[in-house]
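The structure file start_2.txt is reproduced below (compact mmCIF, C-alpha atoms).
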# COMPACT_ATOMS: atom_id res chain seq x y z
CA MET A 1103 5.96 19.45 -3.36
CA GLY A 1104 4.48 22.73 -2.36
CA ARG A 1105 1.66 22.76 0.11
CA PHE A 1106 -1.91 23.15 -0.98
CA HIS A 1107 -4.69 24.47 1.16
CA LYS A 1108 -8.39 24.45 0.74
CA HIS A 1109 -9.89 27.76 1.87
CA GLN A 1110 -13.25 28.30 3.42
CA ASP A 1111 -14.47 29.95 0.24
CA GLY A 1112 -13.54 26.88 -1.77
CA THR A 1113 -10.47 28.27 -3.49
CA ASP A 1114 -7.13 26.53 -3.40
CA HIS A 1115 -3.64 27.73 -3.79
CA GLU A 1116 -0.10 26.61 -3.33
CA HIS A 1117 2.47 28.08 -1.04
CA GLY A 1118 5.78 27.73 -2.75
CA GLY A 1119 7.62 25.92 -0.03
CA ASP A 1120 9.66 24.02 -2.54
CA GLN A 1121 12.34 25.58 -4.66
CA LEU A 1122 13.15 22.42 -6.59
CA ASP A 1123 10.02 21.71 -8.50
CA HIS A 1124 8.74 24.97 -9.84
CA GLN A 1125 8.81 24.97 -13.57
CA HIS A 1126 5.43 26.61 -13.92
CA ASP A 1127 4.12 30.03 -13.06
CA HIS A 1128 1.67 30.56 -10.29
CA GLN A 1129 -0.65 33.48 -10.00
CA HIS A 1130 -0.91 34.29 -6.34
CA ASP A 1131 -2.89 37.49 -6.78
CA ASP A 1132 -5.72 36.13 -4.72
CA HIS A 1133 -3.64 35.69 -1.63
CA GLY A 1134 -4.73 37.50 1.43
CA GLY A 1135 -1.15 38.42 2.25
CA ALA A 1136 0.43 38.04 5.63
CA GLY A 1137 -2.86 37.65 7.44
CA ASP A 1138 -3.79 34.75 5.23
CA ARG A 1139 -0.50 33.06 5.84
CA GLY A 1140 -0.82 33.48 9.55
CA ALA A 1141 -4.34 32.18 9.61
CA ARG A 1142 -3.88 29.17 7.40
CA HIS A 1143 -0.52 28.01 8.58
CA ALA A 1144 -1.86 27.27 11.99
CA ASP A 1145 -1.50 23.52 11.61
CA LEU A 1146 1.01 23.34 14.37
CA GLY A 1147 -0.27 25.84 16.82
CA ASP A 1148 -3.83 27.04 16.52
CA MET A 1149 -5.18 24.90 19.33
CA SER A 1150 -5.47 27.85 21.66
CA GLY A 1151 -6.73 25.68 24.47
CA TYR A 1152 -3.41 23.90 24.66
CA GLN A 1153 -0.24 25.17 26.18
CA THR A 1154 2.18 23.43 23.85
CA GLY A 1155 -0.01 22.35 20.91
CA PRO A 1156 -0.50 18.88 19.55
CA GLU A 1157 2.29 16.80 18.19
CA ARG A 1158 2.48 16.58 14.43
CA VAL A 1159 3.82 13.43 12.82
CA VAL A 1160 4.90 13.66 9.20
CA VAL A 1161 3.92 10.51 7.30
CA LEU A 1162 4.07 11.17 3.53
CA GLU A 1163 2.84 7.74 2.55
CA ARG A 1164 0.91 6.94 -0.61
CA ILE A 1165 -2.54 5.77 0.39
CA PHE A 1166 -2.65 2.96 -2.16
CA GLY A 1167 1.01 2.06 -1.67
CA GLU A 1168 0.17 -1.38 -0.31
CA ASN A 1169 -2.11 -2.11 -3.26
CA ASP A 1170 0.60 -1.00 -5.68
CA ARG A 1171 3.17 -3.25 -3.99
CA LEU A 1172 0.84 -6.23 -4.33
CA ALA A 1173 0.05 -5.29 -7.93
CA ALA A 1174 3.77 -5.39 -8.71
CA ALA A 1175 3.97 -8.81 -7.06
CA ASN A 1176 1.06 -10.03 -9.19
CA ARG A 1177 2.80 -8.72 -12.30
CA SER A 1178 6.00 -10.58 -11.34
CA THR A 1179 3.96 -13.75 -10.91
CA PHE A 1180 2.45 -13.30 -14.39
CA ASP A 1181 5.84 -12.57 -15.92
CA ALA A 1182 7.42 -15.63 -14.33
CA ALA A 1183 4.64 -17.82 -15.74
CA GLY A 1184 4.77 -16.19 -19.20
CA VAL A 1185 1.23 -14.87 -18.82
CA THR A 1186 -0.04 -11.69 -20.47
CA ALA A 1187 -2.63 -10.13 -18.14
CA ILE A 1188 -5.32 -7.74 -19.36
CA ASN A 1189 -7.55 -5.68 -17.08
CA MET A 1190 -10.96 -5.23 -18.75
CA MET A 1191 -13.06 -2.34 -17.47
CA SER A 1192 -16.39 -0.74 -18.38
CA SER A 1193 -19.66 0.43 -16.93
CA PRO A 1194 -22.24 -2.28 -16.22
CA GLY A 1195 -23.81 -3.69 -19.35
CA ALA A 1196 -21.28 -2.34 -21.86
CA GLY A 1197 -20.50 -5.85 -23.04
CA LYS A 1198 -17.31 -7.07 -21.37
CA THR A 1199 -18.67 -10.56 -20.86
CA ALA A 1200 -20.20 -10.73 -24.35
CA ILE A 1201 -16.88 -9.73 -25.91
CA LEU A 1202 -14.99 -12.21 -23.76
CA ARG A 1203 -17.43 -14.94 -24.77
CA GLN A 1204 -16.82 -14.26 -28.47
CA THR A 1205 -13.12 -14.03 -27.79
CA LEU A 1206 -13.02 -17.43 -26.10
CA ALA A 1207 -14.91 -18.95 -29.01
CA SER A 1208 -12.62 -17.39 -31.61
CA LEU A 1209 -9.07 -17.44 -30.34
CA PRO A 1210 -6.94 -20.26 -31.69
CA ASP A 1211 -6.51 -23.28 -29.45
CA THR A 1212 -2.82 -22.49 -29.16
CA THR A 1213 -3.73 -19.48 -27.01
CA ARG A 1214 -4.58 -20.80 -23.57
CA VAL A 1215 -6.89 -18.44 -21.73
CA ALA A 1216 -7.84 -17.86 -18.11
CA ILE A 1217 -10.33 -15.39 -16.70
CA ILE A 1218 -10.63 -13.78 -13.30
CA GLU A 1219 -14.21 -12.68 -13.10
CA GLY A 1220 -15.15 -9.88 -10.74
CA ASP A 1221 -18.80 -9.73 -9.90
CA ILE A 1222 -20.52 -8.33 -6.88
CA GLU A 1223 -22.64 -11.24 -5.78
CA THR A 1224 -23.43 -13.64 -8.54
CA SER A 1225 -21.74 -16.21 -10.74
CA LEU A 1226 -23.92 -15.30 -13.75
CA ASP A 1227 -21.09 -13.90 -15.83
CA ALA A 1228 -18.83 -16.84 -15.00
CA GLU A 1229 -21.58 -19.19 -16.17
CA ARG A 1230 -21.80 -17.35 -19.49
CA LEU A 1231 -18.09 -17.95 -20.00
CA ALA A 1232 -18.04 -21.63 -19.11
CA GLY A 1233 -17.65 -24.34 -21.72
CA PHE A 1234 -14.87 -22.82 -23.81
CA GLY A 1235 -11.96 -24.58 -22.16
CA ALA A 1236 -10.74 -21.50 -20.31
CA GLN A 1237 -9.85 -21.58 -16.64
CA ILE A 1238 -12.21 -19.32 -14.71
CA ALA A 1239 -11.78 -17.98 -11.19
CA LEU A 1240 -14.77 -16.13 -9.82
CA LEU A 1241 -14.24 -13.28 -7.37
CA ASN A 1242 -17.39 -12.25 -5.62
CA THR A 1243 -16.62 -8.78 -4.39
CA ALA A 1244 -19.47 -8.44 -1.93
CA SER A 1245 -18.11 -7.08 1.33
CA GLY A 1246 -19.77 -6.21 4.58
CA PHE A 1247 -20.69 -2.84 3.10
CA GLY A 1248 -22.76 -4.09 0.20
CA GLY A 1249 -20.28 -4.82 -2.54
CA GLU A 1250 -16.96 -3.53 -3.71
CA CYS A 1251 -17.05 -1.49 -6.87
CA HIS A 1252 -13.70 -2.62 -8.25
CA LEU A 1253 -11.06 -5.31 -8.13
CA ASP A 1254 -7.86 -4.49 -6.32
CA ALA A 1255 -4.49 -6.21 -6.25
CA PRO A 1256 -5.13 -8.27 -3.07
CA MET A 1257 -8.41 -9.60 -4.50
CA VAL A 1258 -6.70 -10.65 -7.72
CA ALA A 1259 -3.85 -12.21 -5.74
CA SER A 1260 -6.41 -14.27 -3.81
CA ALA A 1261 -7.72 -15.74 -7.07
CA LEU A 1262 -4.33 -16.78 -8.44
CA PRO A 1263 -3.95 -20.03 -6.45
CA ARG A 1264 -7.12 -21.24 -8.17
CA LEU A 1265 -5.53 -20.93 -11.60
CA ASP A 1266 -2.78 -23.04 -13.12
CA LEU A 1267 -0.82 -20.14 -14.56
CA ALA A 1268 1.85 -22.44 -15.98
CA THR A 1269 -0.68 -23.53 -18.61
CA VAL A 1270 -2.01 -20.02 -19.37
CA ASP A 1271 -0.92 -17.58 -22.08
CA LEU A 1272 -3.57 -14.90 -21.76
CA LEU A 1273 -5.33 -13.85 -18.56
CA PHE A 1274 -8.37 -11.59 -18.69
CA ILE A 1275 -9.21 -9.82 -15.45
CA GLU A 1276 -12.83 -8.81 -15.91
CA ASN A 1277 -13.32 -5.94 -13.52
CA VAL A 1278 -16.52 -4.88 -11.79
CA GLY A 1279 -18.70 -2.67 -13.97
CA ASN A 1280 -17.98 0.91 -12.91
CA LEU A 1281 -16.43 3.94 -14.59
CA VAL A 1282 -14.75 5.45 -11.52
CA CYS A 1283 -13.24 3.03 -9.04
CA PRO A 1284 -11.49 0.41 -11.19
CA ALA A 1285 -9.32 3.11 -12.75
CA GLU A 1286 -7.80 3.78 -9.33
CA PHE A 1287 -6.51 0.29 -8.65
CA ASP A 1288 -3.55 -1.33 -10.32
CA VAL A 1289 -4.25 -5.06 -10.19
CA GLY A 1290 -0.96 -6.08 -11.78
CA ALA A 1291 -2.20 -6.42 -15.36
CA HIS A 1292 0.12 -5.57 -18.25
CA HIS A 1293 -2.59 -3.86 -20.27
CA ARG A 1294 -5.74 -1.91 -19.49
CA VAL A 1295 -8.66 -2.14 -21.88
CA MET A 1296 -12.05 -0.52 -21.78
CA VAL A 1297 -15.30 -1.65 -23.34
CA TYR A 1298 -17.59 1.23 -24.16
CA SER A 1299 -21.13 0.82 -25.43
CA ILE A 1300 -22.49 3.40 -27.87
CA THR A 1301 -25.71 3.34 -25.84
CA GLU A 1302 -23.83 5.25 -23.13
CA GLY A 1303 -23.79 8.52 -25.05
CA GLU A 1304 -21.01 10.70 -26.43
CA GLU A 1305 -20.03 12.68 -23.33
CA LYS A 1306 -18.78 10.00 -20.94
CA PRO A 1307 -15.06 10.49 -21.73
CA LEU A 1308 -15.43 14.07 -20.52
CA LYS A 1309 -17.28 13.01 -17.37
CA TYR A 1310 -14.97 10.13 -16.48
CA PRO A 1311 -11.58 11.24 -17.81
CA VAL A 1312 -9.64 9.25 -15.23
CA MET A 1313 -11.02 5.97 -16.53
CA PHE A 1314 -10.69 6.90 -20.18
CA ARG A 1315 -7.13 8.10 -19.65
CA SER A 1316 -6.10 4.95 -17.81
CA VAL A 1317 -6.55 2.59 -20.78
CA GLU A 1318 -4.55 1.95 -23.92
CA LEU A 1319 -7.37 0.39 -25.92
CA VAL A 1320 -11.07 1.23 -26.13
CA LEU A 1321 -13.45 -1.27 -27.69
CA VAL A 1322 -16.44 0.75 -28.89
CA ASN A 1323 -19.12 -1.92 -28.68
CA LYS A 1324 -22.70 -2.49 -29.88
CA LEU A 1325 -21.92 -0.88 -33.20
CA ASP A 1326 -24.74 -2.91 -34.75
CA LEU A 1327 -27.15 -0.61 -32.88
CA LEU A 1328 -25.83 2.54 -34.54
CA PRO A 1329 -28.70 2.88 -37.06
CA HIS A 1330 -31.20 2.79 -34.20
CA LEU A 1331 -29.59 5.39 -31.97
CA ASP A 1332 -28.97 9.13 -32.03
CA PHE A 1333 -25.39 8.39 -31.06
CA ASP A 1334 -22.89 10.73 -32.76
CA LEU A 1335 -19.87 8.49 -33.25
CA THR A 1336 -17.65 11.29 -34.54
CA LEU A 1337 -18.40 13.44 -31.50
CA PHE A 1338 -17.68 10.52 -29.18
CA LEU A 1339 -14.36 9.83 -30.87
CA ARG A 1340 -13.44 13.52 -30.61
CA ASN A 1341 -14.31 13.52 -26.88
CA LEU A 1342 -12.30 10.38 -26.36
CA ALA A 1343 -9.31 11.82 -28.20
CA SER A 1344 -9.49 14.96 -26.08
CA VAL A 1345 -8.90 12.99 -22.87
CA ASN A 1346 -6.75 10.19 -24.28
CA PRO A 1347 -5.20 10.98 -27.66
CA ALA A 1348 -2.92 7.95 -27.42
CA ALA A 1349 -5.65 5.32 -27.06
CA THR A 1350 -6.20 2.73 -29.77
CA VAL A 1351 -9.89 2.63 -30.69
CA LEU A 1352 -11.58 -0.39 -32.24
CA GLN A 1353 -15.22 -0.29 -33.34
CA VAL A 1354 -16.83 -3.64 -32.70
CA SER A 1355 -20.04 -5.50 -32.13
CA ALA A 1356 -20.01 -8.52 -29.86
CA ARG A 1357 -23.40 -9.44 -31.31
CA SER A 1358 -22.54 -9.36 -35.01
CA THR A 1359 -18.80 -10.00 -34.38
CA GLU A 1360 -18.03 -7.03 -36.64
CA GLY A 1361 -14.58 -5.63 -35.93
CA LEU A 1362 -13.60 -8.30 -33.44
CA GLY A 1363 -10.88 -9.60 -35.75
CA LEU A 1364 -8.87 -6.46 -35.03
CA TRP A 1365 -9.28 -7.11 -31.30
CA TYR A 1366 -7.93 -10.64 -31.74
CA ASP A 1367 -5.02 -9.20 -33.74
CA TRP A 1368 -4.33 -6.76 -30.93
CA LEU A 1369 -4.38 -9.61 -28.37
CA ALA A 1370 -1.97 -11.64 -30.48
CA GLU A 1371 0.36 -8.67 -30.75
CA VAL A 1372 0.48 -7.82 -27.03
CA GLY A 1373 0.79 -11.52 -26.24
CA GLN A 1374 3.88 -11.82 -28.40
CA ARG A 1375 5.34 -8.55 -27.23
CA SER A 1376 5.35 -9.56 -23.59
CA ARG A 1377 6.65 -13.07 -24.15
CA PRO A 1378 10.08 -14.05 -25.42
CA ALA A 1379 9.71 -15.81 -28.76
CA ALA A 1380 11.23 -19.03 -27.45
CA THR A 1381 8.50 -19.55 -24.88
CA ILE A 1382 5.53 -19.11 -27.19
CA SER A 1383 3.69 -22.35 -26.91
CA ALA A 1384 3.55 -24.42 -30.05
CA THR A 1385 2.18 -27.46 -28.29
CA PRO A 1386 -1.50 -28.34 -28.42
CA ARG A 1387 -3.68 -27.14 -25.62
CA ALA A 1388 -3.83 -29.40 -22.60
CA ASP A 1389 -7.13 -30.90 -21.62
CA PRO A 1390 -9.30 -28.11 -20.29
CA PRO A 1391 -9.78 -28.27 -16.55
CA GLY A 1392 -13.16 -29.24 -15.25
CA MET B 877 -24.37 -8.34 -15.95
CA GLY B 878 -25.00 -9.02 -12.32
CA ASN B 879 -23.41 -5.87 -11.05
CA ARG B 880 -25.46 -3.67 -8.80
CA SER B 881 -23.26 -0.71 -8.11
CA GLY B 882 -24.62 2.52 -9.46
CA TRP B 883 -22.00 3.46 -11.96
CA GLY B 884 -20.38 6.78 -11.49
CA THR B 885 -21.23 6.68 -7.82
CA GLY B 886 -18.56 4.23 -6.80
CA MET B 887 -17.28 3.85 -3.31
CA HIS B 888 -13.55 3.88 -3.78
CA GLU B 889 -13.66 6.20 -0.78
CA LEU B 890 -14.30 3.13 1.35
CA SER B 891 -11.16 1.41 0.09
CA MET B 892 -9.26 4.63 0.63
CA CYS B 893 -10.42 4.79 4.24
CA GLU B 894 -9.40 1.20 4.84
CA SER B 895 -5.93 1.98 3.50
CA ILE B 896 -5.79 5.17 5.54
CA TYR B 897 -6.78 3.26 8.65
CA GLU B 898 -3.99 0.75 8.13
CA ILE B 899 -1.38 3.49 7.69
CA VAL B 900 -2.58 5.56 10.66
CA ASP B 901 -2.91 2.58 12.96
CA ARG B 902 0.63 1.46 12.13
CA THR B 903 2.13 4.95 12.36
CA ALA B 904 0.37 6.12 15.51
CA ALA B 905 1.18 2.87 17.33
CA GLY B 906 -1.48 3.42 19.94
CA ARG B 907 -1.00 7.16 20.43
CA PRO B 908 -4.28 9.13 20.26
CA VAL B 909 -4.84 10.71 16.83
CA THR B 910 -7.04 13.78 16.41
CA VAL B 911 -6.49 14.86 12.82
CA ILE B 912 -5.28 13.03 9.71
CA HIS B 913 -4.06 15.23 6.87
CA LEU B 914 -4.45 14.01 3.32
CA GLN B 915 -3.37 15.45 0.01
CA VAL B 916 -5.82 14.49 -2.72
CA GLY B 917 -5.62 15.52 -6.35
CA GLN B 918 -8.85 16.43 -8.08
CA LEU B 919 -8.29 13.72 -10.70
CA ARG B 920 -8.86 11.17 -7.93
CA GLN B 921 -12.56 12.00 -8.05
CA VAL B 922 -12.94 11.77 -4.30
CA VAL B 923 -16.28 12.99 -2.95
CA PRO B 924 -15.42 14.74 0.34
CA ASP B 925 -18.69 13.95 2.11
CA THR B 926 -18.47 10.32 1.07
CA LEU B 927 -14.89 10.16 2.30
CA ALA B 928 -15.86 11.65 5.67
CA TYR B 929 -18.76 9.24 5.99
CA CYS B 930 -16.63 6.23 5.08
CA TRP B 931 -14.08 7.29 7.68
CA THR B 932 -16.70 7.29 10.42
CA VAL B 933 -17.73 3.80 9.31
CA VAL B 934 -14.18 2.46 9.14
CA SER B 935 -12.97 4.08 12.37
CA ASP B 936 -16.10 3.37 14.38
CA GLN B 937 -15.38 1.55 17.65
CA THR B 938 -11.65 1.66 17.07
CA THR B 939 -8.98 3.73 18.77
CA LEU B 940 -9.30 6.13 15.82
CA ALA B 941 -13.01 6.81 16.35
CA GLY B 942 -13.63 10.55 16.49
CA SER B 943 -10.51 11.44 14.54
CA GLN B 944 -10.98 13.72 11.60
CA LEU B 945 -9.79 13.63 8.00
CA VAL B 946 -8.62 16.99 6.67
CA VAL B 947 -8.18 17.08 2.90
CA ASP B 948 -5.83 19.41 1.08
CA THR B 949 -7.31 19.40 -2.41
CA VAL B 950 -4.77 19.67 -5.20
CA PRO B 951 -6.09 21.25 -8.40
CA VAL B 952 -5.31 19.74 -11.77
CA THR B 953 -2.54 21.50 -13.65
CA LEU B 954 -1.58 20.53 -17.16
CA ARG B 955 1.45 21.25 -19.25
CA CYS B 956 0.90 21.45 -22.98
CA ARG B 957 3.44 19.55 -25.04
CA ASP B 958 2.65 21.67 -28.09
CA CYS B 959 2.83 25.23 -26.78
CA SER B 960 4.47 24.60 -23.37
CA SER B 961 1.90 26.65 -21.49
CA THR B 962 0.39 25.62 -18.18
CA THR B 963 -3.32 25.23 -17.57
CA THR B 964 -4.98 25.04 -14.16
CA LEU B 965 -8.41 23.44 -14.30
CA THR B 966 -10.90 25.31 -12.22
CA ASP B 967 -14.24 23.75 -12.99
CA GLU B 968 -14.62 20.72 -15.24
CA LEU B 969 -12.04 17.99 -15.66
CA LEU B 970 -11.56 18.86 -19.31
CA LEU B 971 -7.99 17.96 -20.06
CA LEU B 972 -7.26 20.52 -22.76
CA CYS B 973 -4.72 23.32 -23.01
CA THR B 974 -6.58 26.59 -22.60
CA GLN B 975 -3.99 28.44 -24.71
CA CYS B 976 -4.03 26.35 -27.87
CA ASP B 977 -6.89 23.87 -27.25
CA GLY B 978 -4.35 21.08 -27.65
CA ALA B 979 -5.07 17.69 -26.13
CA ASP B 980 -1.45 16.60 -25.93
CA VAL B 981 -1.00 17.57 -22.31
CA SER B 982 0.79 16.01 -19.38
CA VAL B 983 -0.70 16.13 -15.92
CA THR B 984 1.61 18.09 -13.62
CA THR B 985 -0.53 17.94 -10.49
CA GLY B 986 -3.90 16.50 -9.60
CA GLU B 987 -3.13 12.80 -9.21
CA GLU B 988 -1.89 12.99 -5.61
CA LEU B 989 -3.26 10.56 -3.05
CA MET B 990 -1.07 10.87 -0.01
CA LEU B 991 -1.37 10.69 3.73
CA THR B 992 0.82 13.63 4.68
CA SER B 993 0.70 13.89 8.48
CA LEU B 994 -1.06 13.12 11.73
CA GLU B 995 -1.89 15.32 14.68
CA LEU B 996 -1.69 13.58 18.00
CA ALA B 997 -3.60 14.60 21.09
CA GLU B 998 -1.50 15.45 24.07
CA ALA B 999 -0.91 12.42 26.16
Once you've parsed the file, please lay out its structure as structure tokens.
Amino acid sequence: MGRFHKHQDGTDHEHGGDQLDHQHDHQHDDHGGAGDRGARHADLGDMSGYQTGPERVVVLERIFGENDRLAAANRSTFDAAGVTAINMMSSPGAGKTAILRQTLASLPDTTRVAIIEGDIETSLDAERLAGFGAQIALLNTASGFGGECHLDAPMVASALPRLDLATVDLLFIENVGNLVCPAEFDVGAHHRVMVYSITEGEEKPLKYPVMFRSVELVLVNKLDLLPHLDFDLTLFLRNLASVNPAATVLQVSARSTEGLGLWYDWLAEVGQRSRPAATISATPRADPPG
Amino acid sequence: MGNRSGWGTGMHELSMCESIYEIVDRTAAGRPVTVIHLQVGQLRQVVPDTLAYCWTVVSDQTTLAGSQLVVDTVPVTLRCRDCSSTTTLTDELLLLCTQCDGADVSVTTGEELMLTSLELAEA
């Protein structure tokens, strides 16, 4: 990698210290020349008060490396148990829990479901999902600083001992409602899905491209409200395609159940894809826990 | 939903600082650290002031209290799969090729999140 520097005036540029990785052209017209180089490359020696300068230790470590290692371990655990894990993300109130509730009520009994429910302080969502025979592990994400805004791999790992994965086919990891942070953290799921409510407006894909790019499926929810809103569905879909042209988009309503059949089809497909045919359970569901 | 976080104003900076602390503490092994250099791509949506604040919270009353995070911000560059041109985003995170308006782009830079080096005070 070349080295990037933030200048006082807010501009950035790269010094081409790397001959190996330069397929693209850089315009360096704005460089200040030798003076600039001298001034900004003072990392090792600009402490004029010191005789020898501070010691510099090169680290080059990915900041979320530990999370990613644990996410890989979670994924191995799911694979070993034949579980397909799906990370569900959205902003608060988009309808993750409502969609999951319909999903639990509608999936065939041969699909055994578990849910890891991320919520900041309450068990309200978990209560809405009870009674459908699914295993539920609640993760309250409140920390000493007033609540985590996402689930990370260690949190999900901490919930796994509370689930009997050997009797699970499909695991939903319902993330904390937030359009920024959850996109940053691999929790070990096989698939990332987003629920988007049409009440959120058309422009959110442009404002939160990291989230919208991180998912392979977007459930566009609350479609039953379309006649009552000024929401421009075509514009939203164009904005979404501009940040994530590869995403599958399903238009649904958790309230009217419109479109949810396609979501169940998608779940069945990814469930089969990630499990060898021989291990697909043909036996009746075991007695639901609790 | 029982969630209370203001959406769009998340605090992933806090988690970042906790990870940074763990790496620095392990690497420095008790030696006094003055500056911690990070490389952060603009697609990481890190708010610099929030990051600095979270670092003071996380490092408070530890051996790393008073150390400073210095961020090298990496701009987002895209490579267009249609016309092969390169786009550097300067303002908005609009992931489109500026040559042909194509959306089929790959991100070349801008996703970095790396602790690059430490500066140690003289013993």
All residues 7 Å or closer to Thr1213 (chain A), all atoms listed in the file, same chain fewer than 3 positions away omitted, as a PyMOL selection string: chain A and resi 1209-1210+1271-1272
Write the residues of the selection above to a file with C-alpha atoms, as a PDB file, keeping the file's coordinate frame.
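Saved to result21.pdb:
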ATOM      1  CA  LEU A1209      -9.070 -17.440 -30.340  1.00  0.00           C
ATOM      2  CA  PRO A1210      -6.940 -20.260 -31.690  1.00  0.00           C
ATOM      3  CA  ASP A1271      -0.920 -17.580 -22.080  1.00  0.00           C
ATOM      4  CA  LEU A1272      -3.570 -14.900 -21.760  1.00  0.00           C
TER       5      LEU A1272
END
Residue contacts of Ala928 (chain B) (9 Å, only C-alpha atoms) excluding same-chain residues fewer than 4 positions away, as a PyMOL selection string: chain B and resi 889+893+923-924+932-933+944-945
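All polymer residues at most 6 Å from (-0.8, 15.3, -10.9), using all atoms listed in the file, appear as Val983, Thr984, Thr985, Gly986, Glu987 and Glu988 of chain B.
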From A:Arg1164, A:Ala1173, A:Val1215, A:Pro1329, residue lying nearest Gln915 (chain B) [all atoms listed in the file]: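 Between A:Arg1164, A:Ala1173, A:Val1215, A:Pro1329, the residue approaching Gln915 (chain B) most closely is A:Arg1164.
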Residues of chain B within 9 Å of chain A, all atoms listed in the file counted, as JSON, numbers by chain: {"B": [877, 878, 879, 880, 881, 882, 883, 884, 885, 886, 887, 888, 889, 890, 891, 892, 893, 895, 896, 899, 900, 903, 904, 910, 914, 915, 919, 920, 921, 947, 948, 949, 950, 951, 955, 961, 962, 968, 969, 970, 971, 972, 978, 979, 980, 988, 989, 990, 991, 992, 993, 994, 995, 996, 997, 998]}
Between CA of Leu1265 (chain A) and CA of Ile1217 (chain A), distance in Å (one decimal):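 According to the coordinates, CA of Leu1265 (chain A) and CA of Ile1217 (chain A) are separated by 8.9 Å.
Counting all atoms listed in the file, the residue from B:Thr953, B:Thr926, B:Ser960, B:Thr938 that sits nearest to Val909 (chain B) is B:Thr938.
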Test item: residues at most 7 Å from Gln1353 (chain A), only C-alpha atoms, excluding those fewer than 5 positions along its chain, as number ranges by chain: A: 1321-1323, 1325, 1361
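For the pair CA of Glu1276 (chain A) and CA of Asp1332 (chain A), the separation is 29.0 Å.
Atom pair CA of Arg1294 (chain A) / CA of Met1191 (chain A): separated by 7.6 Å.
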From A:Asp1367, A:Asp1326, A:Glu1229, A:Glu1304, residue lying nearest Leu1339 (chain A) [only C-alpha atoms]: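 Looking only at the distances to Leu1339 (chain A), the closest residue turns out to be A:Glu1304.
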Distance query Lys1306 (chain A) at most 9 Å, only C-alpha atoms, self and fewer than 6 positions along chain excluded, as a list in words: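 So, after excluding close chain neighbours, the residues are Phe1314, Phe1338, Asn1341 and Leu1342 of chain A.
Each of B:Asp901, B:Val922, B:His913, B:Val952 was compared to Ser935 (chain B) using all atoms listed in the file, and B:Asp901 turns out to be the nearest.
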Protein, DNA and RNA residues within 12 Å of (0.3, -13.3, -11.2), all atoms listed in the file, as a ChimeraX atom specification: /A:1172-1188,1216,1218,1255-1268,1270-1275,1289-1292
